[in-house]
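Engineer: The structure's right below; bear with me while I get my questions together.
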Amino acid sequence: MELPFGVLGIYAGLVVWIVLLVRALRTRSFGPFFALGIALLLVLNVRYFVEGIPSSIAFFIGIYDVLNNLGLSNGDTADGLATCADNACTVWGDRYTNHTSWGVAFHERFLNGPQFRRNLLYGHIGLNSLAFVLMHVQLLRPGLGSNRRRHQLLGRTTFAAITLGTVCAVWLASEHGAVSEYGGSLSMWGFFSMSAFVYGCAVMTVVTIRRGDQQSHRMWSIRFAGSMWGSFWLFRAMLLVLDPLFRNQETVAILACIWLSAPLGIAIAEFFRRRYDTEDSGIEASAEATPVTA
């Protein structure tokens, strides 16, 4: 069997990313960590438009197959694992035939589902990816001085993208009540909650800047970034850990990720904002109190 080098490349990228995170926490230089996170997001998301939805979902499931099958002997399975027709829902060939039931349902729904459902997924992925990239540009280049007009234009573009992307996400989630592998109605309301956290933070970034409150605008922009990082990366990172741990309970892992990833992302962003703002204020106060001698 030919090895899926793309999946192995993602694992290698994640190892490097963890190293960059440790370095960033020590040095407070998060640029490389954020850059690689954006790059990996684009690798995962752009392939939907290049290879199509079923192939990209099979690639996505293949990332989780490794840990979900860890410790299982040939022929063994678990309550939270399932098989798919011709094992087409993975890039591992016949190496792994057990997959998380939510992953099998995800693949099946878009392999044989209506084109309109696929178009909603394309819209959600494309528009949210655009918003994800632009929000970093906005945070790195605040709307001060000559950059003000460009900041305003990119801000409006980001808000429009996340608005339409959220509409697509809510529409897709409205169908989840009938998908038991996702958790049924709990999944549907969980995704509604995730959308509310993300879009609520985005709305507050607009409300605060229209009031002229730049400090609150910055605060809500960071919270919005946290909600986006939580919904995308924390969601996937939690699945890597929880899926294998709860593979005997069909929906525990996916529901935990759906309900918790966005608010946890906001909480983490707020934690670092307050920590670094407090440290920076302390440094500035110390500098002002230090007498200048000739």
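Starting from 1 in every chain, residues are counted up; chains themselves are A, B, ... following the order of the structure tokens, and ligands are numbered from 1 as listed.
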Could you give me, as CSV, every range 3-114 of chain A residue with an atom at most 12 Å from range 254-268 of chain A, plus its closest atom pair and distance in Å to one decimal, counting only C-alpha atoms, rows ordered by chain then number?

Structural biologist:
```
residue,atom,partner,partner_atom,distance
A:Gly80,CA,A:Ile254,CA,10.5
A:Thr100,CA,A:Ile254,CA,9.6
A:Ser101,CA,A:Ile254,CA,10.0
A:Trp102,CA,A:Ile254,CA,7.5
A:Gly103,CA,A:Ile254,CA,9.8
A:Phe106,CA,A:Ile254,CA,11.9
```

Engineer: Could the residues in this selection be saved with all heavy atoms as a PDB file, in the first residue's frame?

Structural biologist:
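Wrote out-v2.pdb, looks like this:
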```pdb
ATOM      1  N   GLY A  80     -17.800   3.428  18.965  1.00  0.00           N
ATOM      2  CA  GLY A  80     -17.754   4.716  18.278  1.00  0.00           C
ATOM      3  C   GLY A  80     -17.091   4.667  16.920  1.00  0.00           C
ATOM      4  O   GLY A  80     -16.901   5.703  16.277  1.00  0.00           O
ATOM      5  N   THR A 100     -14.020   6.797  12.850  1.00  0.00           N
ATOM      6  CA  THR A 100     -15.036   7.346  13.745  1.00  0.00           C
ATOM      7  C   THR A 100     -16.368   7.423  13.001  1.00  0.00           C
ATOM      8  O   THR A 100     -16.417   7.766  11.821  1.00  0.00           O
ATOM      9  CB  THR A 100     -14.658   8.748  14.231  1.00  0.00           C
ATOM     10  OG1 THR A 100     -14.337   9.568  13.118  1.00  0.00           O
ATOM     11  CG2 THR A 100     -13.485   8.695  15.178  1.00  0.00           C
ATOM     12  N   SER A 101     -17.431   7.115  13.698  1.00  0.00           N
ATOM     13  CA  SER A 101     -18.750   7.084  13.045  1.00  0.00           C
ATOM     14  C   SER A 101     -19.144   8.458  12.512  1.00  0.00           C
ATOM     15  O   SER A 101     -19.784   8.561  11.462  1.00  0.00           O
ATOM     16  CB  SER A 101     -19.808   6.563  14.015  1.00  0.00           C
ATOM     17  OG  SER A 101     -19.874   7.357  15.183  1.00  0.00           O
ATOM     18  N   TRP A 102     -18.722   9.546  13.224  1.00  0.00           N
ATOM     19  CA  TRP A 102     -19.042  10.875  12.705  1.00  0.00           C
ATOM     20  C   TRP A 102     -18.317  11.118  11.383  1.00  0.00           C
ATOM     21  O   TRP A 102     -18.848  11.778  10.491  1.00  0.00           O
ATOM     22  CB  TRP A 102     -18.699  11.971  13.717  1.00  0.00           C
ATOM     23  CG  TRP A 102     -17.245  12.112  14.056  1.00  0.00           C
ATOM     24  CD1 TRP A 102     -16.595  11.620  15.151  1.00  0.00           C
ATOM     25  CD2 TRP A 102     -16.230  12.780  13.279  1.00  0.00           C
ATOM     26  NE1 TRP A 102     -15.259  11.933  15.113  1.00  0.00           N
ATOM     27  CE2 TRP A 102     -15.008  12.640  13.976  1.00  0.00           C
ATOM     28  CE3 TRP A 102     -16.235  13.467  12.078  1.00  0.00           C
ATOM     29  CZ2 TRP A 102     -13.809  13.175  13.506  1.00  0.00           C
ATOM     30  CZ3 TRP A 102     -15.038  14.002  11.592  1.00  0.00           C
ATOM     31  CH2 TRP A 102     -13.845  13.853  12.308  1.00  0.00           C
ATOM     32  N   GLY A 103     -17.082  10.575  11.255  1.00  0.00           N
ATOM     33  CA  GLY A 103     -16.326  10.748  10.020  1.00  0.00           C
ATOM     34  C   GLY A 103     -16.962  10.013   8.857  1.00  0.00           C
ATOM     35  O   GLY A 103     -17.042  10.524   7.734  1.00  0.00           O
ATOM     36  N   PHE A 106     -19.987  11.949   7.880  1.00  0.00           N
ATOM     37  CA  PHE A 106     -19.542  13.175   7.205  1.00  0.00           C
ATOM     38  C   PHE A 106     -19.239  12.891   5.734  1.00  0.00           C
ATOM     39  O   PHE A 106     -19.710  13.591   4.828  1.00  0.00           O
ATOM     40  CB  PHE A 106     -18.306  13.696   7.934  1.00  0.00           C
ATOM     41  CG  PHE A 106     -17.779  15.016   7.454  1.00  0.00           C
ATOM     42  CD1 PHE A 106     -18.606  15.975   6.899  1.00  0.00           C
ATOM     43  CD2 PHE A 106     -16.425  15.309   7.588  1.00  0.00           C
ATOM     44  CE1 PHE A 106     -18.111  17.204   6.463  1.00  0.00           C
ATOM     45  CE2 PHE A 106     -15.920  16.519   7.164  1.00  0.00           C
ATOM     46  CZ  PHE A 106     -16.755  17.468   6.596  1.00  0.00           C
TER      47      PHE A 106
END
```

Engineer: Please, which residues in range 124-235 of chain A fall within 10 Å of range 19-36 of chain A when counting only C-alpha atoms, and what is the closest atom pair and distance in Å to one decimal for each, ordered by chain then residue number, as a Markdown table?

Structural biologist:
```
| residue | atom | partner | partner_atom | distance |
| --- | --- | --- | --- | --- |
| A:Val133 | CA | A:Ala35 | CA | 9.8 |
| A:His136 | CA | A:Phe34 | CA | 8.6 |
| A:Leu140 | CA | A:Gly31 | CA | 9.7 |
```

Engineer: Determine, counting only C-alpha atoms, which protein, DNA and RNA residues have an atom within 12 Å of an atom of Thr77 in chain A; residues of the same chain fewer than 5 positions away are not included. Present the result as a JSON list (two decimals) with N, CA and C atoms, in the first residue's frame.

Structural biologist:
```json
[["chain", "number", "residue", "atom", "x", "y", "z"],
["A", 68, "ASN", "N", -7.07, 6.74, 16.20],
["A", 68, "ASN", "CA", -8.32, 6.04, 16.53],
["A", 68, "ASN", "C", -8.17, 4.53, 16.46],
["A", 69, "ASN", "N", -7.21, 4.04, 15.68],
["A", 69, "ASN", "CA", -6.99, 2.60, 15.56],
["A", 69, "ASN", "C", -5.82, 2.11, 16.42],
["A", 70, "LEU", "N", -5.23, 3.03, 17.17],
["A", 70, "LEU", "CA", -4.08, 2.66, 17.99],
["A", 70, "LEU", "C", -4.50, 1.64, 19.05],
["A", 71, "GLY", "N", -3.78, 0.50, 19.08],
["A", 71, "GLY", "CA", -4.06, -0.53, 20.07],
["A", 71, "GLY", "C", -5.11, -1.54, 19.66],
["A", 72, "LEU", "N", -5.77, -1.33, 18.52],
["A", 72, "LEU", "CA", -6.77, -2.27, 18.05],
["A", 72, "LEU", "C", -6.11, -3.36, 17.21],
["A", 82, "ALA", "N", -16.83, 2.88, 12.90],
["A", 82, "ALA", "CA", -17.69, 2.31, 11.87],
["A", 82, "ALA", "C", -16.87, 2.08, 10.60],
["A", 83, "THR", "N", -17.46, 1.38, 9.68],
["A", 83, "THR", "CA", -16.82, 1.15, 8.37],
["A", 83, "THR", "C", -17.60, 1.88, 7.30],
["A", 96, "TYR", "N", -6.38, 0.85, 7.47],
["A", 96, "TYR", "CA", -7.35, 1.13, 8.52],
["A", 96, "TYR", "C", -8.75, 1.01, 7.93],
["A", 97, "THR", "N", -9.55, 0.15, 8.50],
["A", 97, "THR", "CA", -10.93, -0.02, 8.03],
["A", 97, "THR", "C", -11.95, 0.47, 9.05],
["A", 98, "ASN", "N", -11.49, 0.82, 10.25],
["A", 98, "ASN", "CA", -12.36, 1.40, 11.27],
["A", 98, "ASN", "C", -12.14, 2.91, 11.34],
["A", 99, "HIS", "N", -13.23, 3.64, 11.33],
["A", 99, "HIS", "CA", -13.15, 5.10, 11.37],
["A", 99, "HIS", "C", -14.20, 5.61, 12.35],
["A", 100, "THR", "N", -14.02, 6.80, 12.85],
["A", 100, "THR", "CA", -15.04, 7.35, 13.74],
["A", 100, "THR", "C", -16.37, 7.42, 13.00],
["A", 101, "SER", "N", -17.43, 7.12, 13.70],
["A", 101, "SER", "CA", -18.75, 7.08, 13.05],
["A", 101, "SER", "C", -19.14, 8.46, 12.51],
["A", 244, "PRO", "N", -9.82, 9.00, 20.30],
["A", 244, "PRO", "CA", -9.32, 7.70, 20.77],
["A", 244, "PRO", "C", -9.75, 7.37, 22.20],
["A", 247, "ARG", "N", -13.59, 6.27, 22.09],
["A", 247, "ARG", "CA", -14.04, 5.55, 20.89],
["A", 247, "ARG", "C", -15.09, 4.48, 21.21],
["A", 248, "ASN", "N", -15.32, 4.21, 22.48],
["A", 248, "ASN", "CA", -16.40, 3.29, 22.86],
["A", 248, "ASN", "C", -17.72, 4.01, 23.13]]
```

Engineer: To one decimal place in Å, what is the distance between CA of Pro142 in chain A and CA of Gly212 in chain A?

Structural biologist: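 Between these atoms lies a distance of 14.0 Å.
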
Engineer: Between CA of Ser56 in chain A and CA of Ile125 in chain A, what is the distance, to one decimal in Å?

Structural biologist: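 Separating CA of Ser56 in chain A from CA of Ile125 in chain A is a distance of 11.9 Å.
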